[in-house]
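Data first, discussion second: the structure below is written as structure tokens.
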Amino acid sequence: MCLQIDSTHRCAVGLPAAERACDALLSELRLLFGIGTAHDRLLRSQGHMTIPALTTHPRFGPAARALLAQWDDPPNPERVHDTLCAWLPASHPLFLELLGLVPREEIRFFDLETLGLFGVPVILAAFGRFEAGGVRVSQYFARSIGEEPSLLEAAIEELSGASLIVSYNGKAFDWTTLRERVAYYGLAFDHRPIHIDLLHHARRAFSGRLPDLHLSTVERSVLGLDRGEDIPSDQVPAFYERYLETGDPRPLAPIVAHNRQDVASLAALLARLLENRTSDHAR
Amino acid sequence: MLAELLHSLERERWYHGQVVHSESLPAQRATRGTSTLSGPLSTYLEASGITLYRHQADVIEGLRAGRDVILTTPTASGKTLAFNLPVFETLLSDPQACALYLYPLKALANDQRKKLLDLEAATGLDLRPEVYDGDTPTARRSRIKASSRIILTNPHALHYYLAWHHQWARFFRNLRFIVIDEAHRYRGVFGANVALLLRRLFRLLDYYGAHPQVVLSSASIANPVRFAALLTGRLAVSVSDGSEARGERHILFWDALLDPRRSLTTQAASLFAALTKAGVQTLCFAGSRVMAERIARTARDLGAPSVESYRAGYLPAERRRLEAALRDRRLEGIVSTNALEAGIDIGSLDAVLLTGFPGSLLSAWQQAGRAGRGTDPSLVVFMPGENPLDRYFLRHPDAFVGREREEIVIQPENPRLAAWHLACAAAELPLRREEVRTDQTQLLDSLIESGVLAETPRGAVYHGGKRAHDLLSLDALPGAAVRLLCEGKLLETMDVLRARREAYPGAVLLHQGETYVVEALDLDQGTATLRREDVDYYTKPLRTFDVHLLEIRETTNQGPLDIARGRVKVVESFIGYKTTHADRTVSVEALDLPDHSYETDAVWIAFKRPPAGLSPDALLGGLHGAEHALIAMAPLLILCDREDLSGLSTPLHAGTGRPTVLLFDEIEGGAGLAESLYGCLGRLTAKARRLVADCPCENGCPSCLYSPRCGSHNRPLDKAATVRVLDLIAETLEEVGIR
């Protein structure tokens with residue numbers, strides 16, 4: 001069995017209220033087939049501000065009614081997600097509204113540490129969930145390569161209770177890696193939660209202002225967080241291999257701390273992106 | 001046709017009786033097969049007026065019986081249809097079934113896809129044959145993996161896809177056929193790598209519960225069943241007798257040395273011009289692009305109006321233009337490097353000129369097979385160059401015309417390759433100890449010990465820092481590699497041994513028919529810097545070898561000789577290199593490269609006592625001559641690059657303590673060549689003796705004993721003593737029963 005390490009982090013994340021989220025989503029006319037920027041402007045100038053307001057429109061009425069029927073009431077988050085994916089870039093702030101459509105306890109923050117970029121073991125997985133006043137982080141650590149399958153099983157268990165996951169560059173790396181390693185051991189896993197990758201949102205919000213978009217850079221410059229003696233991610237394999245060789249657990253502490261901080265920062269970054277979004281709305 | 005041609009030659013100024021021999025292979029009537037195919041396939045055959053040949057029916061029946069099949073019938077015998085029909089038949093009856101087509105080159109996969117699309121359209125099936133390789137746009141990839149039932153790819157790409165096997169689950173689970181076309185290209189290190197790749201593929205297919213049949217298609221070889229077994233690790237039935245209709249084929253042997261004032265290239269151009277002017281559509285094969293262009297240019301100067309040259313790397317549109325021009329005879333002649341040897345669809349022509357032996361009978365007959373339109377008579381003119389093997393054919397035309405072919409050998413056991421494939425396998429699925437061959441558990445242990453793999457309850461798991469699949473290139477041995485750069489662009493990658501042999505400073509290197517000159521070789525950095533330059537000379541490295549015996553694997557210790565094969569350590573020392581023009585040495589340059597040592601396989605012959613009546617000098621010249629002659633003739637028996645085999649001869653070898661001739665694979669870890677030679681040493685020795693004894697020269701010449709690669713400038717060589725030594729070897733082999 002892999003090692004489980006739990007910790008709690010104080011953090012206030014103002015998740016969108018369900019009603020506000022629905023309003024925001026239903027105000028995006030471009031989610032209807034046939035409506036681009038030009039039509040959007042025209043319809044708004046004619047006073048059609050929401051999708052429900054278009055249901056009687058001679059041209060877009062059928063599409064509006066079909067979408068509302070498809071989404072259901074209250075809107076089904078997976079179906080809303082499918083619609084967003086079809087019409088909007090993954091960095092669009094509307095994706096963040098999905099956080100208001102799923103139960104709070106079904107949201108997971110998620111980050112992996114591996115021994116390289118591809119085709120190598122996962123040694124540490126962290127999952128964060130909301131609890132009163134903050135985020136509780138559960139980390140699963142493989143004390144040997146042989147413990148990787150039990151780590152993956154723990155990850156599958158965590159994810160089975162999730163309908164939405166939040167990561168940083170997880171679409172390209174963490175999620176792909178997890179699926180690949182699960183297949184490597186032939187474990188059963190076909191759950192597909194909604195995935196919000198904050199890298200896309202950070203790029204949209206901060207690129208140009210920052211030299212790069214590494215999570216540590218975003219933390220420092222945007223969140224004002226200082227990691228102090230943190231090890232860079234690319235040093236993780238070397239630290240772990242040293243532990244495997246010598247049996248000396250000291251190199252492990254910084255790995256575990258690094259991974260825990262990644263997940264805690266995810267929550268803080270999400271909070272900031274959600275605030276930005278409200279201030280955008282205000283404008 | 002032949003008499004007419006010879007008659008018209010007699011009138012030519014440049015003809016001095018160079019046609020020293022001619023053979024006519026009789027026409028053959030087609031033998032029909034009796035397979036009946038289901039619904040749309042039989043409708044298709046009927047509509048296209050095709051009745052199956054017997055060998056095509058044999059392939060269909062073999063596959064229907066659940067066997068693997070290797071098909072080695074001649075060029076233009078309808079091989080593609082022979083395996084496409086049964087594949088389609090299965091895919092027709094099982095709507096989930098899939099087939100994987102493996103091609104050594106991307107261009108060949110694209111050509112085959114067109115044929116599959118035609119057959120798909122003609123039969124009304126929906127199989128979506130698609131090429132999936134490095135050129136496939138990302139946007140199409142998931143759809144191909146999700147829905148195509150025929151996927152064509154190449155081994156280099158497949159190597160990477162195995163790491164992503166879960167994305168291929170649908171395709172792998174339903175895989176019923178693996179088609180390995182142009183299988184003869186999988187030889188040497190590449191062949192061994194592909195063999196190991198296929199082992200990994202079968203392991204994954206087993207995991208997905210699929211047990212596909214394998215169809216291999218290859219040029220004619222001596223050992224189809226064994227080759228299939230080496231490559232796939234499975235037993236295949238062989239279909240090798242072509243039953244297609246063939247016209248009479250005339251083969252002329254042209255001795256260019258009979259006109260010492262004109263080079264082989266000039267003579268080839270004259271003949272090529274004469275043939276095309278007479279309306280004989282001709283394909284001429286040349287050793288390099290420069291030579292091809294020179295022949296085409298000279299032929300035009302001689303008044304041949306519609307001839308062109310062809311090289312590798314043409315864009316599809318250009319290729320189609322040439323193919324079309326040849327088909328509707330706007331083009332009467334084309335000169336090509338071996339790029340046109342196979343796969344490219346130019347149809348058949350009236351005549352083929354071979355300028356120089358292309359290195360193997362397999363290639364020679366692939367090329368010669370381009371002559372012959374349906375049942376019309378065809379002409380092949382073979383113009384050997386000036387080296388022992390080429391000249392041998394002039395004196396022994398039967399060796400060329402006969403049905404004898406080379407064996408292909410590959411050695412998947414090469415530990416340097418096997419170790420990396422084990423690592424890749426452990427990165428694909430945890431590798432259980434019982435999956436590893438018993439002779440490779442040691443390799444597994446050393447991989448675990450060195451921290452590349454971790455032993456876990458589920459098996460060995462790869463955890464090296466880099467991705468396992470990046471560490472292996474199928475073209476070369478793993479580990480240190482030398483990158484050949486021209487103006488900053490990567491031409492190809494070579495292992496160190498080959499780079500030392502082919503990419504030393506000053507070397508002329510042939511890449512896709514183009515000549516390059518090597519400016520610098522930096523073995524520490526692993527780079528060679530080249531410049532593009534058209535040159536008409538070649539270079540050969542001059543080296544000496546020191547060989548230490550490490551292990552004897554098999555030995556025959558009877559009569560006056562010890563004959564053995566086993567493991568050796570070779571130390572290679574560089575002396576310099578030699579520049580040759582038209583097979584003649586122009587200059588010798590000194591070269592300073594550090595010594596290099598490696599382990600490989602060897603076969604050796606040690607004389608328990610010196611042959612009676614030979615002086616010490618004669619013995620030396622005899623052993624040396626025997627070494628050269630044996631190496632020169634080896635390509636007749638096993639398919640190898642001449643350069644992959646080297647030798648050593650000495651009146652006293654430290655390992656055997658006796659006068660010794662030793663041949664070894666010049667490939668780190670060994671490639672199975674020496675091992676195979678041990679098994680056919682009798683035949684090899686007989687051929688070597690014929691080469692030497694039948695040469696009319698006084699005491700050794702470039703046509704028999706000389707080797708262009710000899711590190712001691714072909715000294716000393718003693719022809720009479722060589723024959724004595726070879727006789728002694730032959731007698732002993734006969735006594736102990738090695739053929």
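Residues in the structure tokens are named by chain (A, B, ... in the order shown) and by number from 1 within that chain; ligands are numbered from 1 in the order shown.
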Tell me, counting only C-alpha atoms, for each residue of chain B within 9 Å of chain A, which pair of atoms is nearest and how far apart they are in Å to one decimal, in rows ordered by chain and increasing number, as a tab-separated table.
residue	atom	partner	partner_atom	distance
B:Ala163	CA	A:Gly119	CA	7.3
B:Trp164	CA	A:Glu180	CA	7.4
B:His165	CA	A:Ala183	CA	8.5
B:His166	CA	A:Ala183	CA	6.1
B:Gln167	CA	A:Glu180	CA	8.9
B:Ala427	CA	A:Gly119	CA	6.1
B:Glu428	CA	A:Tyr184	CA	6.4
B:Leu429	CA	A:Tyr184	CA	5.2
B:Pro430	CA	A:Tyr185	CA	6.9
B:Gly451	CA	A:Glu245	CA	8.6
B:Ala454	CA	A:Ile145	CA	6.5
B:Glu455	CA	A:Gly146	CA	7.3
B:Thr456	CA	A:Gly146	CA	4.4
B:Pro457	CA	A:Gly146	CA	6.3
B:Arg458	CA	A:Gly146	CA	7.5
B:Gly459	CA	A:Gly146	CA	8.7
B:Val461	CA	A:Ile145	CA	7.5
B:Tyr462	CA	A:Val120	CA	6.3
B:His463	CA	A:Val120	CA	5.1
B:Gly464	CA	A:Val120	CA	7.1
B:Gly465	CA	A:Gly116	CA	5.4
B:Lys466	CA	A:Gly116	CA	6.5
B:Arg467	CA	A:Phe118	CA	5.7
B:Ala468	CA	A:Gly119	CA	7.4
B:His469	CA	A:Gly119	CA	8.8
Using only C-alpha atoms, which protein or nucleic acid residues come within 10 Å of Glu153 of chain A? Drop anything in the same chain fewer than 4 positions from it, and give the result as a list of chain:residue names.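 Here the qualifying residues turn out to be A:Met1, A:Cys2, A:Tyr140, A:Glu148, A:Pro149, A:Glu157, A:Glu158, A:Leu159, A:Val182, A:Leu187, A:Ala188, A:Phe189.
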Could you give me, as CSV, every segment 292-405 of chain B residue with an atom at most 9 Å from segment 621-645 of chain B, plus its closest atom pair and distance in Å to one decimal, counting only C-alpha atoms, rows ordered by chain then number?
residue,atom,partner,partner_atom,distance
B:Gly359,CA,B:Asp641,CA,7.2
B:Ser360,CA,B:Pro635,CA,6.3
B:Leu361,CA,B:Leu636,CA,7.1
B:Leu362,CA,B:Leu639,CA,8.1
B:Asn387,CA,B:Ala632,CA,8.8
B:Pro388,CA,B:Ala632,CA,6.5
B:Leu389,CA,B:Ala632,CA,6.0
B:Tyr392,CA,B:Met633,CA,8.9
B:Ala399,CA,B:Leu636,CA,8.5
B:Glu404,CA,B:Leu636,CA,8.6
B:Arg405,CA,B:Leu637,CA,7.0
Export N, CA and C atoms of the chosen residues as an mmCIF file, in the first residue's frame?
data_model
loop_
_atom_site.group_PDB
_atom_site.id
_atom_site.type_symbol
_atom_site.label_atom_id
_atom_site.label_comp_id
_atom_site.auth_asym_id
_atom_site.auth_seq_id
_atom_site.Cartn_x
_atom_site.Cartn_y
_atom_site.Cartn_z
ATOM 1 N N GLY B 359 25.235 -5.851 -55.598
ATOM 2 C CA GLY B 359 25.586 -6.260 -54.235
ATOM 3 C C GLY B 359 24.939 -7.555 -53.817
ATOM 4 N N SER B 360 23.802 -7.869 -54.432
ATOM 5 C CA SER B 360 23.157 -9.138 -54.109
ATOM 6 C C SER B 360 22.353 -9.628 -55.299
ATOM 7 N N LEU B 361 22.201 -10.937 -55.389
ATOM 8 C CA LEU B 361 21.367 -11.507 -56.443
ATOM 9 C C LEU B 361 19.931 -11.045 -56.262
ATOM 10 N N LEU B 362 19.553 -10.873 -54.996
ATOM 11 C CA LEU B 362 18.197 -10.418 -54.692
ATOM 12 C C LEU B 362 17.926 -9.083 -55.381
ATOM 13 N N ASN B 387 35.597 -6.023 -59.974
ATOM 14 C CA ASN B 387 35.946 -6.522 -58.635
ATOM 15 C C ASN B 387 35.670 -8.007 -58.627
ATOM 16 N N PRO B 388 36.233 -8.734 -57.685
ATOM 17 C CA PRO B 388 36.188 -10.201 -57.763
ATOM 18 C C PRO B 388 34.789 -10.775 -57.983
ATOM 19 N N LEU B 389 33.804 -10.325 -57.201
ATOM 20 C CA LEU B 389 32.490 -10.928 -57.323
ATOM 21 C C LEU B 389 31.872 -10.626 -58.690
ATOM 22 N N TYR B 392 33.492 -12.676 -61.283
ATOM 23 C CA TYR B 392 33.146 -14.086 -61.098
ATOM 24 C C TYR B 392 31.938 -14.440 -61.967
ATOM 25 N N ALA B 399 26.013 -18.789 -62.029
ATOM 26 C CA ALA B 399 25.818 -18.278 -60.667
ATOM 27 C C ALA B 399 24.827 -17.116 -60.666
ATOM 28 N N GLU B 404 19.831 -20.113 -57.671
ATOM 29 C CA GLU B 404 20.393 -19.921 -56.344
ATOM 30 C C GLU B 404 20.192 -18.484 -55.858
ATOM 31 N N ARG B 405 19.814 -18.325 -54.617
ATOM 32 C CA ARG B 405 19.655 -16.991 -54.037
ATOM 33 C C ARG B 405 20.349 -16.956 -52.680
#
Surrounding residues of Gln367 of chain B excluding itself and chain neighbours under 3 positions, 10 Å, only C-alpha atoms, as a list in words: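 So, after excluding close chain neighbours, the residues are Thr75, Leu283, Cys284, Phe285, Asn338, Leu340, Glu341, Ala342, Val352, Leu353, Leu354, Pro358, Leu361, Leu362, Ser363, Ala364, Arg370, Ala371 and Val380 of chain B.
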Residues near segment 244-256 of chain B, anyone? I mean within 7 Å using only C-alpha atoms, not counting same-chain ones fewer than 2 positions away, as number ranges by chain. B: 18-31, 53, 77, 242, 258-259, 264, 372, 374-384, 394
Residue contacts of segment 670-682 of chain B (8 Å, only C-alpha atoms) excluding same-chain residues fewer than 2 positions away, as a VMD selection string: chain B and resid 188 to 189 192 409 to 411 414 564 to 566 599 to 603 634 637 to 638 640 645 663 to 668 684 to 686 730 733 to 734 738 to 739
